[in-house]
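Below: protein27.csv (CSV, C-alpha atoms)
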```
chain,number,residue,atom,x,y,z
A,26,MET,CA,-15.6,-22.8,-45.2
A,27,ASN,CA,-19.1,-22.0,-44.0
A,28,TRP,CA,-17.6,-20.1,-41.1
A,29,ILE,CA,-15.5,-17.9,-43.4
A,30,ARG,CA,-18.5,-17.4,-45.7
A,31,SER,CA,-20.7,-16.2,-42.8
A,32,VAL,CA,-17.9,-13.9,-41.5
A,33,VAL,CA,-17.5,-12.3,-45.0
A,34,ARG,CA,-21.3,-12.0,-45.2
A,35,GLU,CA,-21.4,-10.3,-41.8
A,36,ILE,CA,-18.6,-7.8,-42.7
A,37,TYR,CA,-20.3,-7.0,-46.0
A,38,GLY,CA,-23.6,-6.5,-44.1
A,39,LEU,CA,-21.9,-3.9,-41.9
A,40,PHE,CA,-21.6,-1.6,-44.9
A,41,VAL,CA,-24.3,-2.6,-47.3
A,42,ASP,CA,-27.9,-3.5,-46.8
A,43,ASP,CA,-29.2,-1.6,-49.8
A,44,SER,CA,-26.8,-2.2,-52.7
A,45,SER,CA,-28.0,0.8,-54.8
A,46,PHE,CA,-27.7,3.1,-51.8
A,47,ALA,CA,-24.1,2.0,-51.2
A,48,PHE,CA,-23.3,2.1,-54.9
A,49,ALA,CA,-24.5,5.7,-55.2
A,50,ILE,CA,-22.3,6.7,-52.2
A,51,LEU,CA,-19.2,5.1,-53.8
A,52,CYS,CA,-19.9,6.6,-57.2
A,53,TRP,CA,-20.3,10.1,-55.6
A,54,ILE,CA,-16.9,9.7,-53.8
A,55,VAL,CA,-15.2,8.6,-57.1
A,56,ALA,CA,-16.8,11.5,-59.0
A,57,MET,CA,-15.7,14.0,-56.3
A,58,ALA,CA,-12.2,12.6,-56.3
A,59,GLY,CA,-12.0,13.3,-60.0
A,60,LEU,CA,-13.4,16.8,-59.7
A,61,VAL,CA,-11.0,17.7,-56.9
A,62,ARG,CA,-8.0,16.2,-58.8
A,63,TYR,CA,-8.7,18.4,-61.8
A,64,HIS,CA,-9.4,21.5,-59.6
A,65,VAL,CA,-12.9,21.9,-60.9
A,66,LEU,CA,-14.6,22.9,-57.7
A,67,GLN,CA,-11.8,24.5,-55.7
A,68,ARG,CA,-13.3,26.0,-52.5
A,69,TRP,CA,-16.7,24.5,-53.1
A,70,ALA,CA,-15.5,20.9,-53.1
A,71,GLY,CA,-16.3,20.2,-49.4
A,72,PRO,CA,-19.8,21.6,-49.5
A,73,THR,CA,-20.5,19.9,-52.8
A,74,LEU,CA,-19.3,16.5,-51.4
A,75,PHE,CA,-21.7,17.0,-48.4
A,76,VAL,CA,-24.7,18.1,-50.5
A,77,GLY,CA,-24.3,15.1,-52.8
A,78,LEU,CA,-24.3,12.7,-49.8
A,79,ALA,CA,-27.2,14.4,-48.2
A,80,LEU,CA,-29.2,14.0,-51.5
A,81,ILE,CA,-28.3,10.3,-51.7
A,82,LEU,CA,-29.5,9.9,-48.1
A,83,THR,CA,-32.8,11.7,-48.9
A,84,GLU,CA,-33.3,9.6,-52.0
A,85,GLY,CA,-32.5,6.4,-50.2
A,86,VAL,CA,-35.1,7.2,-47.5
A,87,LEU,CA,-37.8,8.4,-49.9
A,88,ARG,CA,-37.3,5.3,-52.1
A,89,VAL,CA,-38.3,3.0,-49.2
A,90,THR,CA,-41.4,5.2,-48.6
A,91,ARG,CA,-42.3,5.0,-52.3
A,92,ARG,CA,-41.8,1.2,-52.2
A,93,LYS,CA,-44.3,1.0,-49.4
A,94,ASP,CA,-46.9,2.8,-51.5
B,3,MET,CA,-0.1,9.7,-38.5
B,4,ILE,CA,-0.1,12.6,-36.0
B,5,LEU,CA,-2.2,15.6,-37.0
B,6,THR,CA,-1.4,19.1,-35.9
B,7,PHE,CA,-4.2,21.2,-34.6
B,8,ASP,CA,-4.6,25.0,-34.7
B,9,SER,CA,-5.7,25.3,-31.1
B,10,VAL,CA,-6.2,23.4,-27.9
B,11,GLN,CA,-9.9,24.1,-28.2
B,12,GLN,CA,-10.2,22.4,-31.6
B,13,LEU,CA,-8.3,19.4,-30.2
B,14,SER,CA,-10.5,19.1,-27.2
B,15,THR,CA,-13.7,19.4,-29.4
B,16,ARG,CA,-12.4,16.7,-31.7
B,17,LEU,CA,-11.4,14.4,-28.8
B,18,GLY,CA,-14.7,15.0,-27.1
B,19,THR,CA,-16.8,14.2,-30.2
B,20,THR,CA,-14.7,11.1,-30.9
B,21,LEU,CA,-15.1,9.9,-27.3
B,22,VAL,CA,-18.9,10.4,-27.3
B,23,ALA,CA,-19.3,8.8,-30.8
B,24,ALA,CA,-17.2,5.8,-29.9
B,25,PHE,CA,-19.0,5.3,-26.5
B,26,LEU,CA,-22.6,5.6,-28.0
B,27,ALA,CA,-21.9,3.4,-31.1
B,28,SER,CA,-20.1,0.7,-28.9
B,29,THR,CA,-23.0,0.8,-26.4
B,30,VAL,CA,-25.4,-0.2,-29.2
B,31,GLU,CA,-23.3,-3.1,-30.2
B,32,CYS,CA,-22.5,-4.2,-26.6
B,33,VAL,CA,-26.3,-4.2,-25.8
B,34,GLU,CA,-27.0,-6.4,-28.8
B,35,ALA,CA,-24.2,-8.8,-27.8
B,36,LEU,CA,-25.3,-8.8,-24.1
B,37,THR,CA,-28.9,-9.9,-25.1
B,38,VAL,CA,-27.6,-13.0,-26.7
B,39,VAL,CA,-25.0,-13.8,-24.1
B,40,LEU,CA,-27.7,-13.4,-21.3
B,41,ALA,CA,-30.0,-15.7,-23.3
B,42,VAL,CA,-27.3,-18.3,-23.7
B,43,GLY,CA,-26.1,-18.1,-20.0
B,44,SER,CA,-29.6,-18.3,-18.5
B,45,VAL,CA,-30.7,-21.3,-20.6
B,46,ARG,CA,-27.5,-23.3,-21.1
B,47,GLY,CA,-25.4,-22.3,-18.1
B,48,TRP,CA,-22.9,-19.5,-17.4
B,49,PRO,CA,-19.5,-21.2,-17.6
B,50,SER,CA,-19.6,-22.0,-21.3
B,51,ALA,CA,-21.4,-18.7,-22.2
B,52,LEU,CA,-18.8,-16.6,-20.4
B,53,ALA,CA,-15.9,-18.7,-21.8
B,54,GLY,CA,-17.2,-18.1,-25.3
B,55,CYS,CA,-17.6,-14.4,-24.7
B,56,ALA,CA,-14.1,-14.1,-23.1
B,57,THR,CA,-12.5,-16.1,-26.0
B,58,GLY,CA,-14.3,-13.8,-28.5
B,59,ILE,CA,-12.9,-10.7,-26.8
B,60,ALA,CA,-9.4,-12.2,-26.6
B,61,THR,CA,-9.5,-13.1,-30.4
B,62,LEU,CA,-10.6,-9.5,-31.2
B,63,VAL,CA,-7.8,-8.0,-29.1
B,64,ALA,CA,-5.3,-10.3,-30.8
B,65,ILE,CA,-6.5,-9.2,-34.3
B,66,VAL,CA,-6.4,-5.5,-33.4
B,67,ALA,CA,-2.9,-5.9,-31.9
B,68,ALA,CA,-1.7,-7.7,-35.1
B,69,LEU,CA,-3.3,-5.4,-37.6
B,70,GLY,CA,-3.2,-2.0,-35.7
B,71,PRO,CA,0.5,-1.2,-36.2
B,72,ALA,CA,0.1,-2.0,-40.0
B,73,LEU,CA,-2.3,1.0,-40.3
B,74,THR,CA,0.5,3.4,-39.3
B,75,ARG,CA,2.6,2.3,-42.2
B,76,ILE,CA,0.0,3.2,-44.8
B,77,PRO,CA,0.0,6.9,-46.1
B,78,LEU,CA,-2.4,9.0,-44.1
B,79,HIS,CA,-4.5,10.3,-47.0
B,80,LEU,CA,-5.0,6.7,-48.2
B,81,VAL,CA,-6.1,5.6,-44.7
B,82,GLN,CA,-8.5,8.6,-44.5
B,83,LEU,CA,-10.0,7.9,-47.9
B,84,VAL,CA,-10.5,4.1,-47.3
B,85,VAL,CA,-11.6,4.4,-43.7
B,86,GLY,CA,-13.7,7.5,-44.6
B,87,ALA,CA,-15.5,5.6,-47.3
B,88,MET,CA,-16.2,2.7,-45.0
B,89,ILE,CA,-17.4,4.9,-42.2
B,90,LEU,CA,-19.7,6.8,-44.6
B,91,LEU,CA,-21.2,3.5,-45.9
B,92,PHE,CA,-21.7,2.4,-42.2
B,93,GLY,CA,-22.9,5.7,-40.9
B,94,LEU,CA,-25.3,6.6,-43.7
B,95,ARG,CA,-26.7,3.1,-43.5
B,96,TRP,CA,-27.4,3.5,-39.8
B,97,LEU,CA,-28.8,7.0,-40.2
B,98,ARG,CA,-31.1,5.8,-43.1
B,99,LYS,CA,-32.4,2.9,-41.0
B,100,ALA,CA,-32.9,5.1,-37.9
B,101,ILE,CA,-34.9,7.6,-40.0
B,102,LEU,CA,-37.1,4.7,-41.4
B,103,ARG,CA,-37.5,3.2,-37.9
B,104,SER,CA,-38.4,6.6,-36.3
B,105,SER,CA,-41.0,7.2,-39.0
B,106,GLY,CA,-42.5,3.8,-38.5
B,107,LEU,CA,-41.7,2.4,-41.9
B,108,ILE,CA,-39.7,-0.5,-40.5
B,109,PRO,CA,-40.2,-2.0,-37.0
B,110,LEU,CA,-38.0,-0.9,-34.0
B,111,HIS,CA,-35.4,-3.4,-32.7
B,112,ASP,CA,-36.8,-5.0,-29.6
B,113,GLU,CA,-34.2,-6.5,-27.2
B,114,ALA,CA,-36.8,-8.2,-25.0
B,115,ALA,CA,-38.2,-9.9,-28.1
B,116,ALA,CA,-34.7,-10.9,-29.3
B,117,PHE,CA,-34.0,-12.3,-25.8
B,118,ALA,CA,-37.3,-14.4,-25.8
B,119,GLN,CA,-36.5,-15.6,-29.4
B,120,ASN,CA,-33.0,-16.7,-28.5
B,121,THR,CA,-34.0,-18.4,-25.2
B,122,ALA,CA,-36.8,-20.4,-27.0
B,123,LYS,CA,-34.3,-21.5,-29.7
B,124,LEU,CA,-31.7,-22.6,-27.2
B,125,ARG,CA,-34.2,-24.5,-25.0
B,126,GLY,CA,-35.1,-26.6,-28.0
B,127,VAL,CA,-31.6,-28.2,-28.0
B,128,ARG,CA,-30.8,-30.9,-25.5
B,129,LEU,CA,-28.2,-30.0,-22.8
B,130,ALA,CA,-24.9,-31.9,-23.1
B,131,ALA,CA,-23.1,-33.2,-20.0
B,132,GLY,CA,-20.0,-31.2,-19.2
B,133,TRP,CA,-18.7,-28.7,-21.8
B,134,ASP,CA,-21.6,-27.1,-23.7
B,135,LYS,CA,-20.3,-26.5,-27.3
B,136,LEU,CA,-23.5,-24.8,-28.4
B,137,ALA,CA,-23.4,-22.2,-25.6
B,138,PHE,CA,-19.7,-21.6,-26.2
B,139,ALA,CA,-20.2,-21.2,-30.0
B,140,ALA,CA,-23.3,-18.9,-29.6
B,141,ALA,CA,-21.5,-16.6,-27.1
B,142,PHE,CA,-18.3,-16.6,-29.2
B,143,ASN,CA,-20.1,-15.8,-32.4
B,144,ILE,CA,-22.1,-12.9,-31.1
B,145,THR,CA,-19.1,-11.4,-29.3
B,146,MET,CA,-17.0,-11.7,-32.5
B,147,MET,CA,-19.8,-10.3,-34.7
B,148,GLU,CA,-20.7,-7.3,-32.6
B,149,GLY,CA,-17.1,-6.9,-31.5
B,150,THR,CA,-15.9,-6.6,-35.1
B,151,GLU,CA,-18.3,-3.7,-35.5
B,152,VAL,CA,-16.9,-2.0,-32.4
B,153,VAL,CA,-13.3,-2.5,-33.7
B,154,PHE,CA,-14.3,-1.0,-37.0
B,155,ILE,CA,-15.9,2.0,-35.3
B,156,VAL,CA,-12.8,2.6,-33.1
B,157,ILE,CA,-10.5,2.4,-36.2
B,158,ALA,CA,-12.8,4.7,-38.2
B,159,LEU,CA,-13.1,7.3,-35.5
B,160,GLY,CA,-9.5,7.1,-34.5
B,161,ALA,CA,-8.1,7.3,-38.1
B,162,GLY,CA,-6.8,10.8,-37.6
B,163,GLY,CA,-3.9,10.0,-35.2
B,164,ARG,CA,-2.8,8.3,-32.0
B,165,ALA,CA,-4.6,10.6,-29.7
B,166,LEU,CA,-7.9,10.1,-31.5
B,167,MET,CA,-7.3,6.3,-31.6
B,168,LEU,CA,-6.7,6.2,-27.9
B,169,THR,CA,-9.8,8.3,-27.2
B,170,ALA,CA,-12.0,6.2,-29.4
B,171,SER,CA,-10.6,3.0,-27.7
B,172,LEU,CA,-11.4,4.6,-24.3
B,173,GLY,CA,-15.0,5.2,-25.4
B,174,ALA,CA,-15.4,1.6,-26.6
B,175,VAL,CA,-13.9,0.2,-23.3
B,176,ALA,CA,-16.1,2.5,-21.3
B,177,ALA,CA,-19.2,1.3,-23.2
B,178,LEU,CA,-18.2,-2.4,-22.7
B,179,SER,CA,-17.6,-1.8,-19.0
B,180,VAL,CA,-21.0,0.0,-18.5
B,181,VAL,CA,-23.0,-2.5,-20.4
B,182,THR,CA,-21.2,-5.5,-18.7
B,183,ALA,CA,-21.8,-4.0,-15.2
B,184,LEU,CA,-25.5,-3.4,-16.0
B,185,GLY,CA,-25.8,-6.9,-17.4
B,186,PHE,CA,-24.3,-8.4,-14.2
B,187,ALA,CA,-26.5,-6.2,-12.0
B,188,LEU,CA,-29.8,-6.7,-13.8
B,189,HIS,CA,-29.4,-10.2,-15.3
B,190,ARG,CA,-31.9,-9.3,-18.1
B,191,PRO,CA,-31.6,-7.6,-21.5
B,192,LEU,CA,-31.3,-3.8,-21.5
B,193,ALA,CA,-34.7,-3.3,-23.2
B,194,ARG,CA,-34.9,0.3,-21.9
B,195,VAL,CA,-31.8,1.5,-23.7
B,196,PRO,CA,-33.2,3.8,-26.5
B,197,GLU,CA,-31.4,1.9,-29.2
B,198,ASN,CA,-32.9,3.7,-32.1
B,199,THR,CA,-32.2,7.1,-30.6
B,200,LEU,CA,-28.6,6.0,-30.1
B,201,LYS,CA,-28.4,4.7,-33.7
B,202,PHE,CA,-29.8,8.0,-34.9
B,203,ILE,CA,-27.2,10.1,-33.0
B,204,VAL,CA,-24.3,7.7,-33.9
B,205,GLY,CA,-25.5,7.7,-37.6
B,206,VAL,CA,-25.3,11.5,-37.6
B,207,LEU,CA,-21.8,11.5,-36.0
B,208,LEU,CA,-20.4,8.8,-38.2
B,209,SER,CA,-21.8,10.3,-41.4
B,210,ALA,CA,-20.2,13.7,-40.5
B,211,PHE,CA,-16.8,12.1,-39.6
B,212,GLY,CA,-17.0,9.9,-42.8
B,213,THR,CA,-17.7,12.9,-45.0
B,214,PHE,CA,-14.8,14.8,-43.4
B,215,TRP,CA,-12.3,11.9,-43.8
B,216,VAL,CA,-13.3,11.2,-47.4
B,217,GLY,CA,-12.8,14.9,-48.1
B,218,GLU,CA,-9.4,14.9,-46.5
B,219,GLY,CA,-8.5,11.7,-48.3
B,220,ILE,CA,-9.3,13.2,-51.8
B,221,GLY,CA,-7.7,16.5,-51.0
B,222,VAL,CA,-10.6,18.7,-50.2
B,223,ALA,CA,-9.8,22.0,-48.3
B,224,TRP,CA,-12.6,22.2,-45.8
B,225,PRO,CA,-13.9,25.7,-45.0
B,226,GLY,CA,-13.1,26.3,-41.3
B,227,ASP,CA,-10.9,23.1,-41.2
B,228,ASP,CA,-12.0,20.9,-38.3
B,229,LEU,CA,-15.1,23.1,-37.6
B,230,ALA,CA,-16.6,21.5,-40.7
B,231,ILE,CA,-17.2,18.4,-38.6
B,232,PRO,CA,-19.7,19.9,-36.1
B,233,CYS,CA,-21.3,21.9,-38.9
B,234,MET,CA,-21.9,18.8,-40.9
B,235,MET,CA,-23.2,17.0,-37.8
B,236,ALA,CA,-25.8,19.8,-37.4
B,237,ALA,CA,-26.7,19.7,-41.1
B,238,TYR,CA,-27.1,15.8,-41.1
B,239,LEU,CA,-29.2,16.0,-37.9
B,240,ALA,CA,-31.4,18.8,-39.4
B,241,LEU,CA,-31.9,16.7,-42.6
B,242,ALA,CA,-32.8,13.6,-40.6
B,243,LEU,CA,-35.2,15.4,-38.4
B,244,TYR,CA,-36.9,16.9,-41.5
B,245,LEU,CA,-37.1,13.4,-43.2
B,246,VAL,CA,-38.7,11.6,-40.2
B,247,PRO,CA,-42.1,13.5,-40.2
B,248,LEU,CA,-42.1,13.6,-44.0
B,249,CYS,CA,-41.8,9.8,-44.2
B,250,ARG,CA,-44.3,9.4,-41.3
B,251,SER,CA,-47.0,11.4,-43.0
B,252,ARG,CA,-46.4,9.5,-46.3
B,253,ALA,CA,-46.7,6.2,-44.4
B,254,ARG,CA,-49.9,7.3,-42.7
B,255,SER,CA,-51.5,8.5,-45.9
B,256,VAL,CA,-50.6,5.1,-47.5
B,257,ALA,CA,-52.1,3.2,-44.5
B,258,GLY,CA,-55.2,5.5,-44.7
B,259,ALA,CA,-55.6,4.8,-48.4
B,260,GLN,CA,-55.2,1.1,-47.8
B,261,ALA,CA,-57.8,1.1,-45.0
B,262,LEU,CA,-60.2,3.1,-47.2
B,263,ALA,CA,-59.8,0.7,-50.1
B,264,GLN,CA,-60.4,-2.2,-47.7
B,265,LYS,CA,-63.6,-0.5,-46.4
B,266,GLU,CA,-64.8,0.2,-49.9
B,267,SER,CA,-64.3,-3.4,-51.0
B,268,CYS,CA,-66.2,-4.6,-47.9
B,269,ILE,CA,-69.1,-2.3,-48.7
B,270,ALA,CA,-69.1,-3.5,-52.4
B,271,ALA,CA,-69.0,-7.2,-51.3
B,272,LYS,CA,-72.0,-6.6,-49.0
B,273,GLU,CA,-74.0,-4.8,-51.7
B,274,ASP,CA,-73.2,-7.8,-54.1
B,275,GLN,CA,-74.6,-10.2,-51.5
B,276,ARG,CA,-77.9,-8.1,-51.3
```
Would you mind writing the file out in structure tokens?
Amino acid sequence: MNWIRSVVREIYGLFVDDSSFAFAILCWIVAMAGLVRYHVLQRWAGPTLFVGLALILTEGVLRVTRRKD
Amino acid sequence: MILTFDSVQQLSTRLGTTLVAAFLASTVECVEALTVVLAVGSVRGWPSALAGCATGIATLVAIVAALGPALTRIPLHLVQLVVGAMILLFGLRWLRKAILRSSGLIPLHDEAAAFAQNTAKLRGVRLAAGWDKLAFAAAFNITMMEGTEVVFIVIALGAGGRALMLTASLGAVAALSVVTALGFALHRPLARVPENTLKFIVGVLLSAFGTFWVGEGIGVAWPGDDLAIPCMMAAYLALALYLVPLCRSRARSVAGAQALAQKESCIAAKEDQR
């Protein structure tokens, strides 16, 4: 059982090392899926998806910098 | 699962990017696995280490052969969404870490130090006569662990169709071959491989691919279709290159403030003594 647990932990670690960073990415994907489904953004959906993810990355990096303060 | 492309040029750009991304990302993982396998082999003996490594690779090939065909039965947009989300989590995590490492906020990964740490740990355990279970298990575990990441990268980059999957697989096999050949030739960890630079580049590539796949999966009509991928690569790279000096200067100012505070407290302590 320990072997399975360590494999699951390794696979989880592939995608998540900062849970709030990963959670923000998933939330943004869900929000964008909703906006695209109801045709809210139309042609701007792609650039909006990218800008949101770029902001999440920026916040994730700056948060570590602030933590070191 | 087969995508149609507007032009041969678009197809070759896509295949070329996939090949490079798969090769670079797999190189990083193979170098990490090689460090541990070299440590195990040099301390505990090569037969058990190589057997563990070969068993790990065979297990991964069997898993891919069993699960791979199942992917073709799932609707394409669902595969793109799920794989895109996974590749985004993976790619942005790598990119974030690479930015933090480049700016000096977290230490760089050192293969020579990892090799020394592993050899010291393995030397502490008594050698068994005959079959060395510890060496086999250590080599098997690291091959499985890093190999799982390689398999995931190949699936993620090749999610768009058979041609892409084949190209991504070729990139991974090429990386494995190059790293194995270098390992055999040098017999020491590949400490000179610029691992963080590779992670930086791969993080940019995977983030762009992941964003594109997620968009396709949720029904986004990308401006310029496939050209959106190189545009997003350039944008992610520009953002990352902007963030590195920004974080570095903030880290320096924090270090400077800490040094100043320490100096002031020393002066205050000396004055108290007087």
Query raised in the report: In terms of the shortest atom-to-atom distance over only C-alpha atoms, which of B:Gly163, B:Gly47, B:Gly93, B:Pro109 is closest to chain A?
Result: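 Among the listed residues, the smallest separation from chain A belongs to B:Gly93.
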Which residues come within 10 Å of region 43-46 of chain A, counting only C-alpha atoms, excluding same-chain residues fewer than 6 positions away, as a JSON list (two decimals) with C-alpha atoms, in the frame of the given file?
```json
[["chain", "number", "residue", "atom", "x", "y", "z"],
["A", 81, "ILE", "CA", -28.30, 10.30, -51.70],
["A", 82, "LEU", "CA", -29.50, 9.90, -48.10],
["A", 84, "GLU", "CA", -33.30, 9.60, -52.00],
["A", 85, "GLY", "CA", -32.50, 6.40, -50.20],
["A", 86, "VAL", "CA", -35.10, 7.20, -47.50],
["A", 88, "ARG", "CA", -37.30, 5.30, -52.10],
["B", 91, "LEU", "CA", -21.20, 3.50, -45.90],
["B", 94, "LEU", "CA", -25.30, 6.60, -43.70],
["B", 95, "ARG", "CA", -26.70, 3.10, -43.50],
["B", 98, "ARG", "CA", -31.10, 5.80, -43.10]]
```
Query raised in the report: Could you pull the residues within 9 Å of region 51-61 of chain A, counting all atoms listed in the file, minus those fewer than 6 positions along the same chain, as a PyMOL selection string?
Result: (chain A and resi 67+70+73-74+77-78+81) or (chain B and resi 87+91+216-217+219-222)
Convert the current residue selection to file output with C-alpha atoms, as a compact mmCIF listing (two decimals), in the frame of the given file.
```txt
# COMPACT_ATOMS: atom_id res chain seq x y z
CA GLN A 67 -11.80 24.50 -55.70
CA ALA A 70 -15.50 20.90 -53.10
CA THR A 73 -20.50 19.90 -52.80
CA LEU A 74 -19.30 16.50 -51.40
CA GLY A 77 -24.30 15.10 -52.80
CA LEU A 78 -24.30 12.70 -49.80
CA ILE A 81 -28.30 10.30 -51.70
CA ALA B 87 -15.50 5.60 -47.30
CA LEU B 91 -21.20 3.50 -45.90
CA VAL B 216 -13.30 11.20 -47.40
CA GLY B 217 -12.80 14.90 -48.10
CA GLY B 219 -8.50 11.70 -48.30
CA ILE B 220 -9.30 13.20 -51.80
CA GLY B 221 -7.70 16.50 -51.00
CA VAL B 222 -10.60 18.70 -50.20
```
Query raised in the report: Between A:Phe75, A:Tyr37, A:Leu80, A:Val65, which one has atoms that come closest to chain B, using only C-alpha atoms?
Result: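 For chain B, the nearest of the candidates is A:Phe75.
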Report task. Compute the distance from (-35.5, 6.5, -43.1) to each atom, counting all atoms listed in the file, keep the residues with any atom at most 9 Å away, and return them as a ChimeraX atom specification; use the coordinates of the file. Result -> /A:82-83,85-87,89-90 /B:97-108,242,245-246,249
Could the residues in this selection be written to a file with C-alpha atoms, as a PDB file, keeping the file's coordinate frame?
```pdb
ATOM      1  CA  LEU A  82     -29.500   9.900 -48.100  1.00  0.00           C
ATOM      2  CA  THR A  83     -32.800  11.700 -48.900  1.00  0.00           C
ATOM      3  CA  GLY A  85     -32.500   6.400 -50.200  1.00  0.00           C
ATOM      4  CA  VAL A  86     -35.100   7.200 -47.500  1.00  0.00           C
ATOM      5  CA  LEU A  87     -37.800   8.400 -49.900  1.00  0.00           C
ATOM      6  CA  VAL A  89     -38.300   3.000 -49.200  1.00  0.00           C
ATOM      7  CA  THR A  90     -41.400   5.200 -48.600  1.00  0.00           C
TER       8      THR A  90
ATOM      9  CA  LEU B  97     -28.800   7.000 -40.200  1.00  0.00           C
ATOM     10  CA  ARG B  98     -31.100   5.800 -43.100  1.00  0.00           C
ATOM     11  CA  LYS B  99     -32.400   2.900 -41.000  1.00  0.00           C
ATOM     12  CA  ALA B 100     -32.900   5.100 -37.900  1.00  0.00           C
ATOM     13  CA  ILE B 101     -34.900   7.600 -40.000  1.00  0.00           C
ATOM     14  CA  LEU B 102     -37.100   4.700 -41.400  1.00  0.00           C
ATOM     15  CA  ARG B 103     -37.500   3.200 -37.900  1.00  0.00           C
ATOM     16  CA  SER B 104     -38.400   6.600 -36.300  1.00  0.00           C
ATOM     17  CA  SER B 105     -41.000   7.200 -39.000  1.00  0.00           C
ATOM     18  CA  GLY B 106     -42.500   3.800 -38.500  1.00  0.00           C
ATOM     19  CA  LEU B 107     -41.700   2.400 -41.900  1.00  0.00           C
ATOM     20  CA  ILE B 108     -39.700  -0.500 -40.500  1.00  0.00           C
ATOM     21  CA  ALA B 242     -32.800  13.600 -40.600  1.00  0.00           C
ATOM     22  CA  LEU B 245     -37.100  13.400 -43.200  1.00  0.00           C
ATOM     23  CA  VAL B 246     -38.700  11.600 -40.200  1.00  0.00           C
ATOM     24  CA  CYS B 249     -41.800   9.800 -44.200  1.00  0.00           C
TER      25      CYS B 249
END
```
Query raised in the report: Out of A:Arg92, A:Gly71, A:His64, A:Phe48, which residue has the shortest atom-to-atom distance to chain B when counting all atoms listed in the file?
Result: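 Smallest distance to chain B is found for A:Gly71.
Going from CA of Ala176 (chain B) to CA of Trp48 (chain B) covers 23.4 Å.
With only C-alpha atoms as the atoms that count, the minimum distance from chain A to the choices B:Leu110, B:Leu21, B:Leu13, B:Leu248 is reached by B:Leu248.
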Using all atoms listed in the file, determine which residues lie at most 12 Å from Leu208 (chain B), disregarding the query and same-chain residues fewer than 4 positions distant; provide the list as a PDB file with C-alpha atoms, keeping the file's coordinate frame.
```pdb
ATOM      1  CA  THR B  19     -16.800  14.200 -30.200  1.00  0.00           C
ATOM      2  CA  THR B  20     -14.700  11.100 -30.900  1.00  0.00           C
ATOM      3  CA  VAL B  22     -18.900  10.400 -27.300  1.00  0.00           C
ATOM      4  CA  ALA B  23     -19.300   8.800 -30.800  1.00  0.00           C
ATOM      5  CA  ALA B  24     -17.200   5.800 -29.900  1.00  0.00           C
ATOM      6  CA  LEU B  26     -22.600   5.600 -28.000  1.00  0.00           C
ATOM      7  CA  ALA B  27     -21.900   3.400 -31.100  1.00  0.00           C
ATOM      8  CA  VAL B  85     -11.600   4.400 -43.700  1.00  0.00           C
ATOM      9  CA  GLY B  86     -13.700   7.500 -44.600  1.00  0.00           C
ATOM     10  CA  ALA B  87     -15.500   5.600 -47.300  1.00  0.00           C
ATOM     11  CA  MET B  88     -16.200   2.700 -45.000  1.00  0.00           C
ATOM     12  CA  ILE B  89     -17.400   4.900 -42.200  1.00  0.00           C
ATOM     13  CA  LEU B  90     -19.700   6.800 -44.600  1.00  0.00           C
ATOM     14  CA  LEU B  91     -21.200   3.500 -45.900  1.00  0.00           C
ATOM     15  CA  PHE B  92     -21.700   2.400 -42.200  1.00  0.00           C
ATOM     16  CA  GLY B  93     -22.900   5.700 -40.900  1.00  0.00           C
ATOM     17  CA  LEU B  94     -25.300   6.600 -43.700  1.00  0.00           C
ATOM     18  CA  ARG B  95     -26.700   3.100 -43.500  1.00  0.00           C
ATOM     19  CA  TRP B  96     -27.400   3.500 -39.800  1.00  0.00           C
ATOM     20  CA  LEU B  97     -28.800   7.000 -40.200  1.00  0.00           C
ATOM     21  CA  PHE B 154     -14.300  -1.000 -37.000  1.00  0.00           C
ATOM     22  CA  ILE B 155     -15.900   2.000 -35.300  1.00  0.00           C
ATOM     23  CA  VAL B 156     -12.800   2.600 -33.100  1.00  0.00           C
ATOM     24  CA  ILE B 157     -10.500   2.400 -36.200  1.00  0.00           C
ATOM     25  CA  ALA B 158     -12.800   4.700 -38.200  1.00  0.00           C
ATOM     26  CA  LEU B 159     -13.100   7.300 -35.500  1.00  0.00           C
ATOM     27  CA  GLY B 160      -9.500   7.100 -34.500  1.00  0.00           C
ATOM     28  CA  LEU B 200     -28.600   6.000 -30.100  1.00  0.00           C
ATOM     29  CA  LYS B 201     -28.400   4.700 -33.700  1.00  0.00           C
ATOM     30  CA  PHE B 202     -29.800   8.000 -34.900  1.00  0.00           C
ATOM     31  CA  ILE B 203     -27.200  10.100 -33.000  1.00  0.00           C
ATOM     32  CA  VAL B 204     -24.300   7.700 -33.900  1.00  0.00           C
ATOM     33  CA  GLY B 212     -17.000   9.900 -42.800  1.00  0.00           C
ATOM     34  CA  THR B 213     -17.700  12.900 -45.000  1.00  0.00           C
ATOM     35  CA  PHE B 214     -14.800  14.800 -43.400  1.00  0.00           C
ATOM     36  CA  TRP B 215     -12.300  11.900 -43.800  1.00  0.00           C
ATOM     37  CA  VAL B 216     -13.300  11.200 -47.400  1.00  0.00           C
ATOM     38  CA  ILE B 231     -17.200  18.400 -38.600  1.00  0.00           C
ATOM     39  CA  PRO B 232     -19.700  19.900 -36.100  1.00  0.00           C
ATOM     40  CA  MET B 234     -21.900  18.800 -40.900  1.00  0.00           C
ATOM     41  CA  MET B 235     -23.200  17.000 -37.800  1.00  0.00           C
ATOM     42  CA  TYR B 238     -27.100  15.800 -41.100  1.00  0.00           C
ATOM     43  CA  LEU B 239     -29.200  16.000 -37.900  1.00  0.00           C
TER      44      LEU B 239
END
```
Report summary line: CA of His79 (chain B) to CA of Ala79 (chain A) measures 23.1 Å
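With all atoms listed in the file as the atoms that count, the minimum distance from chain B to the choices A:Ala49, A:Phe40, A:Arg34, A:Pro72 is reached by A:Phe40.
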Query raised in the report: Which value, in Å to one decimal, gives the distance between CA of Thr150 (chain B) and CA of Ile36 (chain A)?
Result: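 According to the coordinates, CA of Thr150 (chain B) and CA of Ile36 (chain A) are separated by 8.2 Å.
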